[in-house]
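Raw input.cif, mmCIF, N, CA and C atoms:
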```
data_structure
#
loop_
_atom_site.label_atom_id
_atom_site.label_comp_id
_atom_site.auth_asym_id
_atom_site.auth_seq_id
_atom_site.Cartn_x
_atom_site.Cartn_y
_atom_site.Cartn_z
N MET A 182 -24.45 0.22 12.27
CA MET A 182 -23.68 -0.60 11.36
C MET A 182 -22.43 -1.08 12.09
N ALA A 183 -22.14 -2.33 11.93
CA ALA A 183 -20.94 -2.92 12.53
C ALA A 183 -19.70 -2.40 11.81
N GLY A 184 -18.55 -2.54 12.44
CA GLY A 184 -17.30 -2.14 11.81
C GLY A 184 -17.06 -2.91 10.53
N ILE A 185 -16.30 -2.31 9.65
CA ILE A 185 -15.99 -2.91 8.35
C ILE A 185 -14.51 -3.26 8.35
N GLU A 186 -14.20 -4.49 7.98
CA GLU A 186 -12.81 -4.91 7.87
C GLU A 186 -12.61 -5.65 6.56
N ARG A 187 -11.53 -5.36 5.90
CA ARG A 187 -11.12 -6.08 4.70
C ARG A 187 -9.62 -6.31 4.82
N GLU A 188 -9.12 -7.28 4.10
CA GLU A 188 -7.72 -7.64 4.23
C GLU A 188 -7.08 -7.80 2.86
N ALA A 189 -5.85 -7.40 2.78
CA ALA A 189 -5.05 -7.62 1.57
C ALA A 189 -3.67 -8.06 2.02
N THR A 190 -2.93 -8.66 1.12
CA THR A 190 -1.58 -9.12 1.45
C THR A 190 -0.59 -8.65 0.41
N CYS A 191 0.65 -8.55 0.83
CA CYS A 191 1.75 -8.26 -0.09
C CYS A 191 2.87 -9.24 0.21
N VAL A 192 3.34 -9.91 -0.82
CA VAL A 192 4.52 -10.76 -0.72
C VAL A 192 5.63 -10.04 -1.48
N TRP A 193 6.72 -9.74 -0.80
CA TRP A 193 7.85 -9.02 -1.39
C TRP A 193 9.05 -9.93 -1.38
N GLU A 194 9.79 -9.97 -2.48
CA GLU A 194 11.00 -10.78 -2.56
C GLU A 194 12.15 -9.91 -3.05
N GLY A 195 13.26 -9.94 -2.33
CA GLY A 195 14.45 -9.21 -2.74
C GLY A 195 14.57 -7.87 -2.03
N ASP A 196 15.67 -7.17 -2.37
CA ASP A 196 15.91 -5.86 -1.75
C ASP A 196 14.99 -4.81 -2.36
N LEU A 197 15.07 -3.59 -1.86
CA LEU A 197 14.17 -2.53 -2.33
C LEU A 197 14.39 -2.19 -3.79
N ALA A 198 15.63 -2.01 -4.18
CA ALA A 198 15.93 -1.54 -5.54
C ALA A 198 15.63 -2.56 -6.62
N ARG A 199 15.91 -3.84 -6.36
CA ARG A 199 15.74 -4.84 -7.41
C ARG A 199 14.66 -5.87 -7.09
N GLY A 200 14.08 -5.78 -5.92
CA GLY A 200 13.04 -6.72 -5.54
C GLY A 200 11.71 -6.36 -6.19
N ALA A 201 10.72 -7.19 -5.93
CA ALA A 201 9.38 -6.96 -6.46
C ALA A 201 8.37 -7.62 -5.54
N GLY A 202 7.14 -7.15 -5.65
CA GLY A 202 6.10 -7.71 -4.81
C GLY A 202 4.83 -7.98 -5.58
N ARG A 203 3.92 -8.67 -4.92
CA ARG A 203 2.60 -8.98 -5.48
C ARG A 203 1.57 -8.71 -4.39
N LEU A 204 0.53 -7.93 -4.76
CA LEU A 204 -0.56 -7.61 -3.86
C LEU A 204 -1.77 -8.46 -4.20
N SER A 205 -2.46 -8.93 -3.18
CA SER A 205 -3.66 -9.74 -3.39
C SER A 205 -4.70 -9.40 -2.34
N ALA A 206 -5.95 -9.58 -2.70
CA ALA A 206 -7.07 -9.43 -1.77
C ALA A 206 -7.95 -10.66 -1.92
N ALA A 207 -8.36 -11.22 -0.82
CA ALA A 207 -9.13 -12.46 -0.83
C ALA A 207 -10.48 -12.31 -1.50
N SER A 208 -11.04 -11.10 -1.49
CA SER A 208 -12.40 -10.92 -1.97
C SER A 208 -12.52 -10.66 -3.47
N SER A 209 -11.44 -10.51 -4.19
CA SER A 209 -11.55 -10.09 -5.58
C SER A 209 -10.58 -10.84 -6.48
N VAL A 210 -11.10 -11.49 -7.48
CA VAL A 210 -10.25 -12.17 -8.45
C VAL A 210 -9.43 -11.16 -9.25
N GLY A 211 -10.02 -10.00 -9.54
CA GLY A 211 -9.31 -8.96 -10.29
C GLY A 211 -8.20 -8.30 -9.50
N PHE A 212 -8.14 -8.56 -8.22
CA PHE A 212 -7.15 -7.96 -7.35
C PHE A 212 -6.32 -9.07 -6.75
N ALA A 213 -5.76 -9.89 -7.63
CA ALA A 213 -4.95 -11.02 -7.19
C ALA A 213 -3.61 -10.96 -7.92
N GLY A 214 -2.55 -10.83 -7.19
CA GLY A 214 -1.23 -10.83 -7.78
C GLY A 214 -0.86 -9.57 -8.53
N LEU A 215 -1.37 -8.41 -8.08
CA LEU A 215 -0.98 -7.15 -8.72
C LEU A 215 0.50 -6.90 -8.48
N ALA A 216 1.23 -6.64 -9.53
CA ALA A 216 2.68 -6.46 -9.43
C ALA A 216 3.03 -5.03 -9.02
N LEU A 217 4.08 -4.90 -8.20
CA LEU A 217 4.62 -3.60 -7.86
C LEU A 217 6.11 -3.73 -7.61
N SER A 218 6.83 -2.62 -7.85
CA SER A 218 8.27 -2.57 -7.60
C SER A 218 8.67 -1.11 -7.45
N LEU A 219 9.84 -0.88 -6.88
CA LEU A 219 10.30 0.49 -6.70
C LEU A 219 10.49 1.21 -8.03
N PRO A 220 11.13 0.61 -9.04
CA PRO A 220 11.29 1.35 -10.30
C PRO A 220 9.96 1.80 -10.92
N THR A 221 8.93 0.97 -10.80
CA THR A 221 7.64 1.38 -11.37
C THR A 221 6.87 2.28 -10.42
N ARG A 222 7.26 2.30 -9.16
CA ARG A 222 6.61 3.22 -8.21
C ARG A 222 7.09 4.63 -8.43
N ILE A 223 8.36 4.80 -8.68
CA ILE A 223 8.91 6.15 -8.82
C ILE A 223 9.10 6.57 -10.27
N GLY A 224 8.95 5.64 -11.20
CA GLY A 224 9.09 5.95 -12.62
C GLY A 224 7.81 5.64 -13.36
N SER A 225 7.95 5.20 -14.57
CA SER A 225 6.81 4.83 -15.39
C SER A 225 6.17 3.55 -14.84
N PRO A 226 4.84 3.55 -14.62
CA PRO A 226 4.23 2.39 -13.99
C PRO A 226 4.13 1.16 -14.88
N GLY A 227 4.17 1.33 -16.18
CA GLY A 227 4.01 0.17 -17.06
C GLY A 227 2.73 -0.55 -16.72
N ASP A 228 2.80 -1.85 -16.52
CA ASP A 228 1.60 -2.62 -16.19
C ASP A 228 1.58 -3.02 -14.71
N GLN A 229 2.26 -2.23 -13.88
CA GLN A 229 2.28 -2.49 -12.45
C GLN A 229 1.56 -1.38 -11.70
N THR A 230 1.27 -1.61 -10.43
CA THR A 230 0.58 -0.62 -9.62
C THR A 230 1.52 -0.10 -8.54
N SER A 231 1.00 0.74 -7.67
CA SER A 231 1.78 1.25 -6.54
C SER A 231 0.83 1.50 -5.37
N PRO A 232 1.38 1.60 -4.17
CA PRO A 232 0.52 1.93 -3.03
C PRO A 232 -0.24 3.24 -3.25
N GLU A 233 0.39 4.21 -3.90
CA GLU A 233 -0.26 5.49 -4.13
C GLU A 233 -1.46 5.34 -5.07
N GLU A 234 -1.30 4.54 -6.11
CA GLU A 234 -2.40 4.30 -7.03
C GLU A 234 -3.55 3.57 -6.34
N LEU A 235 -3.24 2.63 -5.48
CA LEU A 235 -4.27 1.91 -4.75
C LEU A 235 -4.98 2.83 -3.76
N LEU A 236 -4.24 3.72 -3.12
CA LEU A 236 -4.86 4.69 -2.22
C LEU A 236 -5.77 5.64 -3.01
N ALA A 237 -5.33 6.08 -4.18
CA ALA A 237 -6.17 6.95 -5.01
C ALA A 237 -7.44 6.22 -5.42
N ALA A 238 -7.34 4.95 -5.76
CA ALA A 238 -8.52 4.17 -6.13
C ALA A 238 -9.46 4.02 -4.94
N ALA A 239 -8.91 3.75 -3.77
CA ALA A 239 -9.74 3.61 -2.57
C ALA A 239 -10.44 4.92 -2.24
N HIS A 240 -9.72 6.04 -2.33
CA HIS A 240 -10.32 7.34 -2.03
C HIS A 240 -11.41 7.68 -3.05
N ALA A 241 -11.15 7.43 -4.34
CA ALA A 241 -12.15 7.70 -5.37
C ALA A 241 -13.40 6.86 -5.15
N GLY A 242 -13.23 5.59 -4.85
CA GLY A 242 -14.38 4.71 -4.63
C GLY A 242 -15.18 5.10 -3.41
N CYS A 243 -14.50 5.40 -2.31
CA CYS A 243 -15.18 5.81 -1.09
C CYS A 243 -15.91 7.14 -1.31
N PHE A 244 -15.26 8.07 -2.00
CA PHE A 244 -15.87 9.37 -2.24
C PHE A 244 -17.11 9.23 -3.13
N ALA A 245 -17.03 8.39 -4.15
CA ALA A 245 -18.19 8.18 -5.02
C ALA A 245 -19.37 7.64 -4.22
N MET A 246 -19.11 6.72 -3.31
CA MET A 246 -20.19 6.17 -2.49
C MET A 246 -20.74 7.23 -1.54
N ALA A 247 -19.88 8.05 -0.96
CA ALA A 247 -20.33 9.12 -0.07
C ALA A 247 -21.20 10.12 -0.83
N LEU A 248 -20.78 10.49 -2.04
CA LEU A 248 -21.55 11.45 -2.84
C LEU A 248 -22.87 10.85 -3.28
N ALA A 249 -22.87 9.58 -3.68
CA ALA A 249 -24.13 8.92 -4.06
C ALA A 249 -25.09 8.92 -2.87
N SER A 250 -24.57 8.71 -1.68
CA SER A 250 -25.41 8.72 -0.48
C SER A 250 -25.99 10.11 -0.23
N VAL A 251 -25.15 11.14 -0.30
CA VAL A 251 -25.62 12.51 -0.08
C VAL A 251 -26.72 12.85 -1.08
N LEU A 252 -26.49 12.55 -2.35
CA LEU A 252 -27.47 12.89 -3.39
C LEU A 252 -28.76 12.08 -3.24
N THR A 253 -28.62 10.80 -2.94
CA THR A 253 -29.80 9.95 -2.75
C THR A 253 -30.63 10.43 -1.57
N ASN A 254 -29.97 10.78 -0.48
CA ASN A 254 -30.68 11.29 0.70
C ASN A 254 -31.35 12.63 0.45
N ALA A 255 -30.87 13.37 -0.56
CA ALA A 255 -31.49 14.65 -0.94
C ALA A 255 -32.56 14.45 -2.02
N ASP A 256 -32.91 13.20 -2.29
CA ASP A 256 -33.93 12.85 -3.30
C ASP A 256 -33.54 13.26 -4.71
N VAL A 257 -32.25 13.30 -4.99
CA VAL A 257 -31.75 13.52 -6.35
C VAL A 257 -30.64 12.51 -6.64
N PRO A 258 -31.01 11.22 -6.73
CA PRO A 258 -29.98 10.20 -6.94
C PRO A 258 -29.24 10.43 -8.26
N PRO A 259 -27.95 10.17 -8.26
CA PRO A 259 -27.16 10.40 -9.47
C PRO A 259 -27.45 9.36 -10.54
N GLY A 260 -27.38 9.81 -11.80
CA GLY A 260 -27.41 8.88 -12.91
C GLY A 260 -26.02 8.26 -13.09
N ARG A 261 -25.00 9.10 -12.94
CA ARG A 261 -23.61 8.64 -13.10
C ARG A 261 -22.68 9.60 -12.37
N LEU A 262 -21.69 9.03 -11.72
CA LEU A 262 -20.63 9.81 -11.08
C LEU A 262 -19.30 9.31 -11.61
N ASP A 263 -18.49 10.22 -12.10
CA ASP A 263 -17.12 9.90 -12.49
C ASP A 263 -16.21 10.64 -11.51
N VAL A 264 -15.51 9.88 -10.69
CA VAL A 264 -14.66 10.46 -9.65
C VAL A 264 -13.23 10.08 -9.93
N ARG A 265 -12.38 11.10 -10.10
CA ARG A 265 -10.95 10.88 -10.33
C ARG A 265 -10.21 11.39 -9.12
N CYS A 266 -9.25 10.62 -8.65
CA CYS A 266 -8.46 11.01 -7.48
C CYS A 266 -6.98 10.91 -7.83
N ARG A 267 -6.25 11.90 -7.40
CA ARG A 267 -4.79 11.91 -7.60
C ARG A 267 -4.12 12.08 -6.24
N VAL A 268 -3.31 11.11 -5.86
CA VAL A 268 -2.60 11.13 -4.58
C VAL A 268 -1.16 11.55 -4.85
N ARG A 269 -0.64 12.41 -3.96
CA ARG A 269 0.74 12.88 -4.09
C ARG A 269 1.53 12.49 -2.85
N VAL A 270 2.75 12.02 -3.07
CA VAL A 270 3.69 11.71 -1.99
C VAL A 270 4.92 12.57 -2.21
N ASP A 271 5.36 13.21 -1.15
CA ASP A 271 6.57 14.03 -1.19
C ASP A 271 7.48 13.64 -0.04
N GLU A 272 8.76 13.92 -0.21
CA GLU A 272 9.71 13.72 0.87
C GLU A 272 9.77 15.00 1.68
N GLU A 273 9.53 14.88 2.98
CA GLU A 273 9.56 16.03 3.87
C GLU A 273 10.82 15.97 4.72
N PRO A 274 11.51 17.11 4.87
CA PRO A 274 12.73 17.12 5.68
C PRO A 274 12.48 16.56 7.08
N GLU A 275 13.37 15.70 7.50
CA GLU A 275 13.37 15.10 8.84
C GLU A 275 12.16 14.20 9.11
N ARG A 276 11.26 14.01 8.13
CA ARG A 276 10.09 13.15 8.34
C ARG A 276 10.04 12.00 7.35
N GLY A 277 10.75 12.14 6.23
CA GLY A 277 10.71 11.10 5.20
C GLY A 277 9.54 11.30 4.25
N PHE A 278 9.16 10.24 3.57
CA PHE A 278 8.10 10.33 2.58
C PHE A 278 6.73 10.32 3.25
N ARG A 279 5.87 11.22 2.80
CA ARG A 279 4.53 11.35 3.36
C ARG A 279 3.52 11.58 2.24
N VAL A 280 2.30 11.07 2.43
CA VAL A 280 1.19 11.43 1.54
C VAL A 280 0.87 12.88 1.87
N THR A 281 1.06 13.77 0.91
CA THR A 281 0.87 15.20 1.17
C THR A 281 -0.41 15.76 0.58
N ALA A 282 -1.00 15.07 -0.39
CA ALA A 282 -2.21 15.61 -1.00
C ALA A 282 -3.03 14.51 -1.67
N SER A 283 -4.32 14.76 -1.70
CA SER A 283 -5.24 13.92 -2.45
C SER A 283 -6.28 14.85 -3.06
N SER A 284 -6.34 14.87 -4.37
CA SER A 284 -7.26 15.75 -5.08
C SER A 284 -8.33 14.92 -5.76
N VAL A 285 -9.58 15.24 -5.45
CA VAL A 285 -10.72 14.52 -6.00
C VAL A 285 -11.45 15.45 -6.98
N ALA A 286 -11.70 14.96 -8.19
CA ALA A 286 -12.44 15.72 -9.20
C ALA A 286 -13.67 14.90 -9.58
N VAL A 287 -14.83 15.54 -9.54
CA VAL A 287 -16.10 14.86 -9.76
C VAL A 287 -16.80 15.41 -10.99
N ALA A 288 -17.20 14.50 -11.87
CA ALA A 288 -18.12 14.83 -12.96
C ALA A 288 -19.40 14.05 -12.64
N ALA A 289 -20.53 14.75 -12.63
CA ALA A 289 -21.76 14.11 -12.18
C ALA A 289 -22.91 14.37 -13.15
N GLU A 290 -23.68 13.33 -13.39
CA GLU A 290 -24.93 13.46 -14.12
C GLU A 290 -26.05 13.28 -13.10
N VAL A 291 -26.67 14.40 -12.72
CA VAL A 291 -27.74 14.38 -11.73
C VAL A 291 -28.87 15.24 -12.29
N GLU A 292 -29.93 14.60 -12.72
CA GLU A 292 -31.04 15.30 -13.36
C GLU A 292 -31.70 16.28 -12.39
N GLY A 293 -31.84 17.52 -12.87
CA GLY A 293 -32.55 18.54 -12.10
C GLY A 293 -31.78 19.16 -10.97
N LEU A 294 -30.48 18.96 -10.91
CA LEU A 294 -29.68 19.52 -9.82
C LEU A 294 -28.85 20.70 -10.32
N ALA A 295 -29.03 21.85 -9.69
CA ALA A 295 -28.26 23.05 -10.05
C ALA A 295 -26.80 22.88 -9.63
N ARG A 296 -25.91 23.60 -10.32
CA ARG A 296 -24.48 23.49 -10.04
C ARG A 296 -24.15 23.82 -8.58
N ASP A 297 -24.75 24.87 -8.03
CA ASP A 297 -24.44 25.23 -6.65
C ASP A 297 -24.88 24.13 -5.67
N ALA A 298 -25.97 23.44 -5.97
CA ALA A 298 -26.40 22.32 -5.14
C ALA A 298 -25.44 21.14 -5.27
N LEU A 299 -24.89 20.94 -6.47
CA LEU A 299 -23.90 19.89 -6.66
C LEU A 299 -22.61 20.22 -5.90
N VAL A 300 -22.19 21.47 -5.94
CA VAL A 300 -21.00 21.90 -5.19
C VAL A 300 -21.21 21.63 -3.70
N ALA A 301 -22.39 21.93 -3.19
CA ALA A 301 -22.69 21.68 -1.78
C ALA A 301 -22.70 20.18 -1.47
N ALA A 302 -23.21 19.39 -2.40
CA ALA A 302 -23.24 17.93 -2.21
C ALA A 302 -21.83 17.37 -2.19
N VAL A 303 -20.96 17.87 -3.05
CA VAL A 303 -19.56 17.43 -3.06
C VAL A 303 -18.89 17.78 -1.74
N ALA A 304 -19.15 18.97 -1.22
CA ALA A 304 -18.58 19.36 0.08
C ALA A 304 -19.10 18.45 1.20
N ALA A 305 -20.38 18.13 1.16
CA ALA A 305 -20.95 17.24 2.18
C ALA A 305 -20.36 15.84 2.06
N ALA A 306 -20.16 15.36 0.85
CA ALA A 306 -19.55 14.05 0.65
C ALA A 306 -18.12 14.04 1.16
N ASP A 307 -17.39 15.12 0.91
CA ASP A 307 -16.02 15.22 1.38
C ASP A 307 -15.98 15.18 2.91
N ALA A 308 -16.94 15.83 3.54
CA ALA A 308 -17.00 15.85 5.01
C ALA A 308 -17.36 14.48 5.58
N SER A 309 -18.09 13.67 4.82
CA SER A 309 -18.52 12.36 5.34
C SER A 309 -17.67 11.19 4.85
N CYS A 310 -16.77 11.41 3.92
CA CYS A 310 -15.95 10.34 3.35
C CYS A 310 -14.84 9.94 4.34
N PRO A 311 -14.83 8.69 4.80
CA PRO A 311 -13.80 8.26 5.75
C PRO A 311 -12.37 8.41 5.23
N TYR A 312 -12.18 8.24 3.92
CA TYR A 312 -10.82 8.37 3.38
C TYR A 312 -10.37 9.82 3.34
N SER A 313 -11.29 10.74 3.04
CA SER A 313 -10.94 12.16 3.13
C SER A 313 -10.53 12.50 4.56
N ALA A 314 -11.30 12.01 5.54
CA ALA A 314 -10.99 12.28 6.95
C ALA A 314 -9.65 11.67 7.34
N LEU A 315 -9.41 10.43 6.93
CA LEU A 315 -8.16 9.76 7.25
C LEU A 315 -6.96 10.55 6.73
N LEU A 316 -7.04 10.96 5.48
CA LEU A 316 -5.92 11.68 4.87
C LEU A 316 -5.73 13.06 5.51
N ARG A 317 -6.83 13.76 5.78
CA ARG A 317 -6.72 15.06 6.46
C ARG A 317 -6.10 14.90 7.84
N ASP A 318 -6.59 13.90 8.58
CA ASP A 318 -6.06 13.67 9.93
C ASP A 318 -4.56 13.36 9.90
N ALA A 319 -4.10 12.79 8.79
CA ALA A 319 -2.67 12.48 8.64
C ALA A 319 -1.87 13.68 8.14
N GLY A 320 -2.55 14.80 7.90
CA GLY A 320 -1.85 16.02 7.50
C GLY A 320 -1.83 16.29 6.01
N ALA A 321 -2.52 15.47 5.22
CA ALA A 321 -2.54 15.69 3.77
C ALA A 321 -3.53 16.79 3.42
N ASP A 322 -3.24 17.50 2.36
CA ASP A 322 -4.14 18.50 1.80
C ASP A 322 -5.16 17.76 0.93
N VAL A 323 -6.40 17.72 1.36
CA VAL A 323 -7.45 17.02 0.61
C VAL A 323 -8.38 18.05 0.02
N ARG A 324 -8.58 17.94 -1.30
CA ARG A 324 -9.47 18.86 -2.00
C ARG A 324 -10.42 18.08 -2.87
N ALA A 325 -11.67 18.51 -2.87
CA ALA A 325 -12.69 17.89 -3.71
C ALA A 325 -13.42 18.99 -4.45
N ALA A 326 -13.61 18.80 -5.75
CA ALA A 326 -14.24 19.84 -6.57
C ALA A 326 -14.94 19.21 -7.76
N ILE A 327 -15.76 20.00 -8.41
CA ILE A 327 -16.39 19.61 -9.65
C ILE A 327 -15.32 19.66 -10.75
N ALA A 328 -15.26 18.62 -11.55
CA ALA A 328 -14.27 18.56 -12.64
C ALA A 328 -14.64 19.60 -13.69
N ASP A 329 -13.64 20.18 -14.28
CA ASP A 329 -13.87 21.16 -15.37
C ASP A 329 -14.09 20.48 -16.68
#
```
Target encoding structure tokens, full file:
Amino acid sequence: MAGIEREATCVWEGDLARGAGRLSAASSVGFAGLALSLPTRIGSPGDQTSPEELLAAAHAGCFAMALASVLTNADVPPGRLDVRCRVRVDEEPERGFRVTASSVAVAAEVEGLARDALVAAVAAADASCPYSALLRDAGADVRAAIAD
């Protein structure tokens, strides 16, 4: 498979505290002009997004595809996967703000699959998910588990 590249843009106007930006991606009408600002990044998001939310969405989507692949290759394709991801950013002394954790919770409908086999599939998906690897390589604590 050839390399995969996608592009997005951000136009920011003004200073950090009172400025605002808009995120867009050429490939998606639904991802055009998403609003973001510092107050909504660190406070209540309202109807705006943040880089952390977009990273959580990317990790959840990539993980769902990795898990679907693992299950399909094991001849137990999923009926439905609900993957929730929560990304955490903390300020670290002398390093500044860093993505410190990404937690993935999976609810899966897979006919005929025992829980222990699903746990193993989630672990295999975590090992093969490029976003899990990226975040781990950057020093974040990445955890993937079956949702309660």
Let me know the residues the PyMOL selection byres ((chain A and resi 328) around 6.5) catches in the file above, as a VMD selection string.
chain A and resid 286 to 288 326 to 327 329
Two-atom distance - atom N of Ala314 in chain A, atom C of Leu248 in chain A (Å)
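Those two atoms sit 14.6 Å apart.
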Report the residues retrieved by the PyMOL selection byres (((chain A and resi 269-280 and name CA) around 9) and name CA) from the displayed file, expressed as number ranges by chain.
A: 233, 267-268, 281-284, 316, 319-322
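This file gives the following result for the PyMOL selection byres ((chain A and resi 229) around 8): Leu215, Ala216, Leu217, Ser218, Thr221, Arg222, Ser225, Pro226, Gly227, Asp228, Thr230 and Ser231 of chain A.
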Distance atom C of Arg261 in chain A-atom C of Cys310 in chain A, one decimal place?
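For atom C of Arg261 in chain A relative to atom C of Cys310 in chain A, the distance reads 18.5 Å.
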When you look at range 257-260 of chain A with a cut-off of 5 Å (counting all atoms listed in the file), what residues show up, excluding the ones that are within fewer than 5 positions of it in the same chain? I need them as a count of residues only.
3
Using only C-alpha atoms, can you tell me which of A:Ala189, A:Ala325, A:Ala245, A:Ala308 comes closest to Ala289 in chain A?
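The shortest atom-to-atom distance to Ala289 in chain A comes from A:Ala245.
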Minimum-distance residue to Ala247 in chain A, chosen among A:Leu262, A:Ala295, A:Pro232, A:Ala306 (using only N, CA and C atoms):
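For Ala247 in chain A, the nearest of the candidates is A:Ala306.
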One decimal place gives the CA of Val285 in chain A-CA of Gly242 in chain A separation as 10.6 Å
Mind checking DSSP for range 184-285 of chain A and telling me the strand (DSSP E or B) residues as a tab-separated table (two decimals) with N, CA and C atoms, keeping the file's coordinate frame?
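File out_15.tsv, as written:
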```
chain	number	residue	atom	x	y	z
A	189	ALA	N	-5.85	-7.40	2.78
A	189	ALA	CA	-5.05	-7.62	1.57
A	189	ALA	C	-3.67	-8.06	2.02
A	190	THR	N	-2.93	-8.66	1.12
A	190	THR	CA	-1.58	-9.12	1.45
A	190	THR	C	-0.59	-8.65	0.41
A	191	CYS	N	0.65	-8.55	0.83
A	191	CYS	CA	1.75	-8.26	-0.09
A	191	CYS	C	2.87	-9.24	0.21
A	192	VAL	N	3.34	-9.91	-0.82
A	192	VAL	CA	4.52	-10.76	-0.72
A	192	VAL	C	5.63	-10.04	-1.48
A	193	TRP	N	6.72	-9.74	-0.80
A	193	TRP	CA	7.85	-9.02	-1.39
A	193	TRP	C	9.05	-9.93	-1.38
A	194	GLU	N	9.79	-9.97	-2.48
A	194	GLU	CA	11.00	-10.78	-2.56
A	194	GLU	C	12.15	-9.91	-3.05
A	201	ALA	N	10.72	-7.19	-5.93
A	201	ALA	CA	9.38	-6.96	-6.46
A	201	ALA	C	8.37	-7.62	-5.54
A	202	GLY	N	7.14	-7.15	-5.65
A	202	GLY	CA	6.10	-7.71	-4.81
A	202	GLY	C	4.83	-7.98	-5.58
A	203	ARG	N	3.92	-8.67	-4.92
A	203	ARG	CA	2.60	-8.98	-5.48
A	203	ARG	C	1.57	-8.71	-4.39
A	204	LEU	N	0.53	-7.93	-4.76
A	204	LEU	CA	-0.56	-7.61	-3.86
A	204	LEU	C	-1.77	-8.46	-4.20
A	205	SER	N	-2.46	-8.93	-3.18
A	205	SER	CA	-3.66	-9.74	-3.39
A	205	SER	C	-4.70	-9.40	-2.34
A	206	ALA	N	-5.95	-9.58	-2.70
A	206	ALA	CA	-7.07	-9.43	-1.77
A	206	ALA	C	-7.95	-10.66	-1.92
A	213	ALA	N	-5.76	-9.89	-7.63
A	213	ALA	CA	-4.95	-11.02	-7.19
A	213	ALA	C	-3.61	-10.96	-7.92
A	214	GLY	N	-2.55	-10.83	-7.19
A	214	GLY	CA	-1.23	-10.83	-7.78
A	214	GLY	C	-0.86	-9.57	-8.53
A	215	LEU	N	-1.37	-8.41	-8.08
A	215	LEU	CA	-0.98	-7.15	-8.72
A	215	LEU	C	0.50	-6.90	-8.48
A	216	ALA	N	1.23	-6.64	-9.53
A	216	ALA	CA	2.68	-6.46	-9.43
A	216	ALA	C	3.03	-5.03	-9.02
A	217	LEU	N	4.08	-4.90	-8.20
A	217	LEU	CA	4.62	-3.60	-7.86
A	217	LEU	C	6.11	-3.73	-7.61
A	261	ARG	N	-25.00	9.10	-12.94
A	261	ARG	CA	-23.61	8.64	-13.10
A	261	ARG	C	-22.68	9.60	-12.37
A	262	LEU	N	-21.69	9.03	-11.72
A	262	LEU	CA	-20.63	9.81	-11.08
A	262	LEU	C	-19.30	9.31	-11.61
A	263	ASP	N	-18.49	10.22	-12.10
A	263	ASP	CA	-17.12	9.90	-12.49
A	263	ASP	C	-16.21	10.64	-11.51
A	264	VAL	N	-15.51	9.88	-10.69
A	264	VAL	CA	-14.66	10.46	-9.65
A	264	VAL	C	-13.23	10.08	-9.93
A	265	ARG	N	-12.38	11.10	-10.10
A	265	ARG	CA	-10.95	10.88	-10.33
A	265	ARG	C	-10.21	11.39	-9.12
A	266	CYS	N	-9.25	10.62	-8.65
A	266	CYS	CA	-8.46	11.01	-7.48
A	266	CYS	C	-6.98	10.91	-7.83
A	267	ARG	N	-6.25	11.90	-7.40
A	267	ARG	CA	-4.79	11.91	-7.60
A	267	ARG	C	-4.12	12.08	-6.24
A	268	VAL	N	-3.31	11.11	-5.86
A	268	VAL	CA	-2.60	11.13	-4.58
A	268	VAL	C	-1.16	11.55	-4.85
A	269	ARG	N	-0.64	12.41	-3.96
A	269	ARG	CA	0.74	12.88	-4.09
A	269	ARG	C	1.53	12.49	-2.85
A	270	VAL	N	2.75	12.02	-3.07
A	270	VAL	CA	3.69	11.71	-1.99
A	270	VAL	C	4.92	12.57	-2.21
A	271	ASP	N	5.36	13.21	-1.15
A	271	ASP	CA	6.57	14.03	-1.19
A	271	ASP	C	7.48	13.64	-0.04
A	272	GLU	N	8.76	13.92	-0.21
A	272	GLU	CA	9.71	13.72	0.87
A	272	GLU	C	9.77	15.00	1.68
A	273	GLU	N	9.53	14.88	2.98
A	273	GLU	CA	9.56	16.03	3.87
A	273	GLU	C	10.82	15.97	4.72
A	277	GLY	N	10.75	12.14	6.23
A	277	GLY	CA	10.71	11.10	5.20
A	277	GLY	C	9.54	11.30	4.25
A	278	PHE	N	9.16	10.24	3.57
A	278	PHE	CA	8.10	10.33	2.58
A	278	PHE	C	6.73	10.32	3.25
A	279	ARG	N	5.87	11.22	2.80
A	279	ARG	CA	4.53	11.35	3.36
A	279	ARG	C	3.52	11.58	2.24
A	280	VAL	N	2.30	11.07	2.43
A	280	VAL	CA	1.19	11.43	1.54
A	280	VAL	C	0.87	12.88	1.87
A	281	THR	N	1.06	13.77	0.91
A	281	THR	CA	0.87	15.20	1.17
A	281	THR	C	-0.41	15.76	0.58
A	282	ALA	N	-1.00	15.07	-0.39
A	282	ALA	CA	-2.21	15.61	-1.00
A	282	ALA	C	-3.03	14.51	-1.67
A	283	SER	N	-4.32	14.76	-1.70
A	283	SER	CA	-5.24	13.92	-2.45
A	283	SER	C	-6.28	14.85	-3.06
A	284	SER	N	-6.34	14.87	-4.37
A	284	SER	CA	-7.26	15.75	-5.08
A	284	SER	C	-8.33	14.92	-5.76
A	285	VAL	N	-9.58	15.24	-5.45
A	285	VAL	CA	-10.72	14.52	-6.00
A	285	VAL	C	-11.45	15.45	-6.98
```
Applying 12 Å and only C-alpha atoms, which residues near Ser208 in chain A remain after dropping the ones on its own chain fewer than 6 positions away? List them as a short mmCIF file (atom, residue, chain, number, x, y, z; two decimals) with N, CA and C atoms, in the frame of the given file.
```
data_model
loop_
_atom_site.label_atom_id
_atom_site.label_comp_id
_atom_site.auth_asym_id
_atom_site.auth_seq_id
_atom_site.Cartn_x
_atom_site.Cartn_y
_atom_site.Cartn_z
N GLU A 186 -14.20 -4.49 7.98
CA GLU A 186 -12.81 -4.91 7.87
C GLU A 186 -12.61 -5.65 6.56
N ARG A 187 -11.53 -5.36 5.90
CA ARG A 187 -11.12 -6.08 4.70
C ARG A 187 -9.62 -6.31 4.82
N GLU A 188 -9.12 -7.28 4.10
CA GLU A 188 -7.72 -7.64 4.23
C GLU A 188 -7.08 -7.80 2.86
N ALA A 189 -5.85 -7.40 2.78
CA ALA A 189 -5.05 -7.62 1.57
C ALA A 189 -3.67 -8.06 2.02
N THR A 190 -2.93 -8.66 1.12
CA THR A 190 -1.58 -9.12 1.45
C THR A 190 -0.59 -8.65 0.41
#
```
